[in-house]
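What follows is a set of notes on a single structure, which appears directly below.
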Amino acid sequence: MKKLLTLFLFLVLLQPSGAQTNEWLNYTSGGNISCLTEEGDYLWLGTFFAGLVKLEKTTGNITVFNKVNSGLPDNSVSAIAIDVNGNIWIGTFLGGLSVYNKGGVVSVEESRDNSAVSEYSLLQNYPNPFNPSTTIVYTIKKETHVSLKVYDLLGREVSELVNENQVTGKYKVKFDVSNLPSGVYLYTLKAGNFVETKKLMVLK
């Protein structure tokens, strides 16, 4: 039977509490739960006093983000949303709007003039080397599924920048690497049968 998640109050960290049964799994948190959203196997929970909480649904493991251990500007979270690029947008009561992405914050801008696009291409990022952000430009010849990912030199994925269908056009992706160490990374564009990889360098 599917477990129901009930959220209660007033402990320092989110953790199982009280009687646990097959039907109910109860949790407590460091502040009133103000909002939540789902991302695959995870729940993101905003609290009034304890910051932002990431809960793994299958294991109950948690990660707490607050003003002390992260870039969150305020421990009172009022809203959470996740965009198509995996960026976590966090509205706070006193600190305004913040955005988080484990592999680096991603923004995608589509060029308005698409008349001259006649091929698939992946351009060299600029600036390069860079810190903390760079821009990657690519063109899409016709509508197709597009994937743009960043890997370390061991082939491990460190960030998914784009994973969606896109129409013909020129696209610019701003990639923030505040959470990545210095080094050389590879970024790969896949669009239909087109695949191309280039290097970028993070220099801190």
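Residues are referred to by chain and number: the chain letter is A, B, ... according to the order shown in the structure tokens, the number counts from 1 in that chain, and ligands are numbered separately from 1 in the order shown.
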
* Residues near region 39-56 of chain A, cut-off 7 Å, only C-alpha atoms, skip fewer than 5 positions along chain, as a list in words ->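 Selected residues are Gly30, Gly31, Asn32, Ile33, Ser34, Asn61, Ile62, Thr63, Val64, Phe65, Asn66, Asn75, Ser76, Val77, Ser78 and Ala79 of chain A.
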
* Nearby residues (only C-alpha atoms) at most 12 Å from Asn165 (chain A), same-chain spacing under 3 positions excluded, as a ChimeraX atom specification -> /A:84-85,140,142-148,162,168-169,190-192

Deliver the residues from the most recent selection as a file, using N, CA and C atoms, as a compact mmCIF listing (two decimals), in the first residue's frame.
```txt
# COMPACT_ATOMS: atom_id res chain seq x y z
N VAL A 84 12.21 23.53 -16.48
CA VAL A 84 12.56 22.41 -17.35
C VAL A 84 14.05 22.12 -17.36
N ASN A 85 14.87 23.04 -16.89
CA ASN A 85 16.31 22.85 -16.84
C ASN A 85 16.79 22.31 -15.50
N ILE A 140 19.78 24.68 -33.78
CA ILE A 140 18.97 23.51 -34.07
C ILE A 140 18.33 23.69 -35.45
N LYS A 142 16.08 21.68 -37.14
CA LYS A 142 14.64 21.42 -37.16
C LYS A 142 14.22 20.88 -35.80
N GLU A 143 12.93 20.93 -35.55
CA GLU A 143 12.43 20.53 -34.23
C GLU A 143 12.82 19.10 -33.91
N THR A 144 13.38 18.91 -32.72
CA THR A 144 13.84 17.60 -32.29
C THR A 144 14.08 17.63 -30.78
N HIS A 145 14.33 16.46 -30.21
CA HIS A 145 14.70 16.41 -28.80
C HIS A 145 16.17 16.81 -28.66
N VAL A 146 16.44 17.70 -27.71
CA VAL A 146 17.80 18.24 -27.52
C VAL A 146 18.29 17.92 -26.11
N SER A 147 19.51 17.44 -26.04
CA SER A 147 20.16 17.17 -24.76
C SER A 147 21.50 17.88 -24.75
N LEU A 148 21.77 18.64 -23.69
CA LEU A 148 23.06 19.30 -23.50
C LEU A 148 23.53 19.00 -22.09
N VAL A 162 20.18 21.01 -20.72
CA VAL A 162 18.97 21.00 -21.54
C VAL A 162 18.52 19.56 -21.73
N THR A 168 13.40 24.86 -34.42
CA THR A 168 14.49 25.47 -35.16
C THR A 168 14.89 26.81 -34.53
N GLY A 169 16.19 27.00 -34.33
CA GLY A 169 16.60 28.26 -33.74
C GLY A 169 18.01 28.24 -33.21
N LYS A 190 23.40 16.73 -28.03
CA LYS A 190 22.77 15.70 -28.84
C LYS A 190 21.43 16.24 -29.33
N ALA A 191 21.26 16.24 -30.66
CA ALA A 191 20.02 16.73 -31.27
C ALA A 191 19.71 15.84 -32.45
N GLY A 192 18.73 14.93 -32.31
CA GLY A 192 18.49 13.95 -33.36
C GLY A 192 19.72 13.07 -33.51
```

* Close residues, Ser159 (chain A) itself excluded, 12 Å, only C-alpha atoms, min 3 positions apart in chain, as a list in words ->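 Non-adjacent residues within range: Asn85, Gly86, Asn87, Asn101, Lys102, Gly103, Gly104, Val105, Val106, Ser147, Leu148, Lys149, Val150, Tyr151, Asp152, Gly155, Arg156, Val162, Asn163, Phe175, Asp176, Val177, Asn179, Leu180, Tyr185, Leu186, Tyr187 and Thr188 of chain A.
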
Could you save the residues just selected, with C-alpha atoms, as a PDB file, in the first residue's frame?
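part_7.pdb was written with the following content:
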```
ATOM      1  CA  ASN A  85      16.309  22.848 -16.844  1.00  0.00           C
ATOM      2  CA  GLY A  86      16.232  21.464 -13.307  1.00  0.00           C
ATOM      3  CA  ASN A  87      16.729  24.820 -11.623  1.00  0.00           C
ATOM      4  CA  ASN A 101      21.008  23.755  -9.240  1.00  0.00           C
ATOM      5  CA  LYS A 102      23.463  21.129  -7.970  1.00  0.00           C
ATOM      6  CA  GLY A 103      25.450  21.157 -11.189  1.00  0.00           C
ATOM      7  CA  GLY A 104      25.201  24.915 -11.701  1.00  0.00           C
ATOM      8  CA  VAL A 105      22.326  27.263 -12.423  1.00  0.00           C
ATOM      9  CA  VAL A 106      21.122  27.044 -16.018  1.00  0.00           C
ATOM     10  CA  SER A 147      20.163  17.169 -24.760  1.00  0.00           C
ATOM     11  CA  LEU A 148      23.059  19.299 -23.504  1.00  0.00           C
ATOM     12  CA  LYS A 149      25.093  17.813 -20.670  1.00  0.00           C
ATOM     13  CA  VAL A 150      28.399  18.504 -18.923  1.00  0.00           C
ATOM     14  CA  TYR A 151      30.796  15.725 -17.880  1.00  0.00           C
ATOM     15  CA  ASP A 152      34.063  15.542 -15.998  1.00  0.00           C
ATOM     16  CA  GLY A 155      32.883  10.638 -18.051  1.00  0.00           C
ATOM     17  CA  ARG A 156      30.687  11.332 -15.036  1.00  0.00           C
ATOM     18  CA  VAL A 162      18.968  21.004 -21.537  1.00  0.00           C
ATOM     19  CA  ASN A 163      16.648  18.003 -21.902  1.00  0.00           C
ATOM     20  CA  PHE A 175      25.890  28.046 -17.152  1.00  0.00           C
ATOM     21  CA  ASP A 176      26.868  28.965 -13.570  1.00  0.00           C
ATOM     22  CA  VAL A 177      29.495  26.701 -11.999  1.00  0.00           C
ATOM     23  CA  ASN A 179      29.331  24.540  -7.123  1.00  0.00           C
ATOM     24  CA  LEU A 180      31.991  22.924  -9.342  1.00  0.00           C
ATOM     25  CA  TYR A 185      35.019  19.553 -18.369  1.00  0.00           C
ATOM     26  CA  LEU A 186      33.317  18.285 -21.524  1.00  0.00           C
ATOM     27  CA  TYR A 187      29.949  19.486 -22.776  1.00  0.00           C
ATOM     28  CA  THR A 188      27.999  17.399 -25.283  1.00  0.00           C
TER      29      THR A 188
END
```

Could you name the residues that touch Ile80 (chain A) at 9 Å or less, counting only C-alpha atoms, but leaving out those on the same chain fewer than 6 positions away, as a PDB file with C-alpha atoms, in the first residue's frame?
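Result written to selection_2.pdb:
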```pdb
ATOM      1  CA  CYS A  35       5.154  24.658   0.611  1.00  0.00           C
ATOM      2  CA  LEU A  36       6.403  21.569  -1.183  1.00  0.00           C
ATOM      3  CA  THR A  37       7.036  20.289  -4.701  1.00  0.00           C
ATOM      4  CA  TRP A  44      11.445  19.726  -1.795  1.00  0.00           C
ATOM      5  CA  LEU A  45       9.879  21.291   1.296  1.00  0.00           C
ATOM      6  CA  GLY A  46       9.944  24.940   2.310  1.00  0.00           C
ATOM      7  CA  ILE A  88      15.047  25.021  -8.212  1.00  0.00           C
ATOM      8  CA  TRP A  89      13.404  28.462  -7.840  1.00  0.00           C
ATOM      9  CA  ILE A  90      12.902  29.431  -4.199  1.00  0.00           C
ATOM     10  CA  GLY A  91      10.816  32.346  -3.029  1.00  0.00           C
TER      11      GLY A  91
END
```

* Asked: At what distance in Å, to one decimal, does CA of Ser133 (chain A) lie from CA of Val117 (chain A)?
  ->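 Computing the Euclidean distance for CA of Val117 (chain A) and CA of Ser133 (chain A) yields 25.9 Å.
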
* Å distance separating CA of Val158 (chain A) from CA of Gly183 (chain A), one decimal place ->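 Calculated distance between CA of Val158 (chain A) and CA of Gly183 (chain A) is 12.3 Å.
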
* Asked: Neighbours of Tyr120 (chain A) within 7 Å (only C-alpha atoms; same-chain residues fewer than 4 positions away dropped), as JSON, numbers by chain?
  -> {"A": [139, 140, 141, 194]}

* Closest to Tyr100 (chain A) among A:Leu122, A:Thr134, A:Gly71, A:Thr58, using only C-alpha atoms? ->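 Result for the nearest residue to Tyr100 (chain A): A:Gly71.
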
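When CA of Ser178 (chain A) is paired with CA of Phe130 (chain A), their separation reads 10.8 Å.
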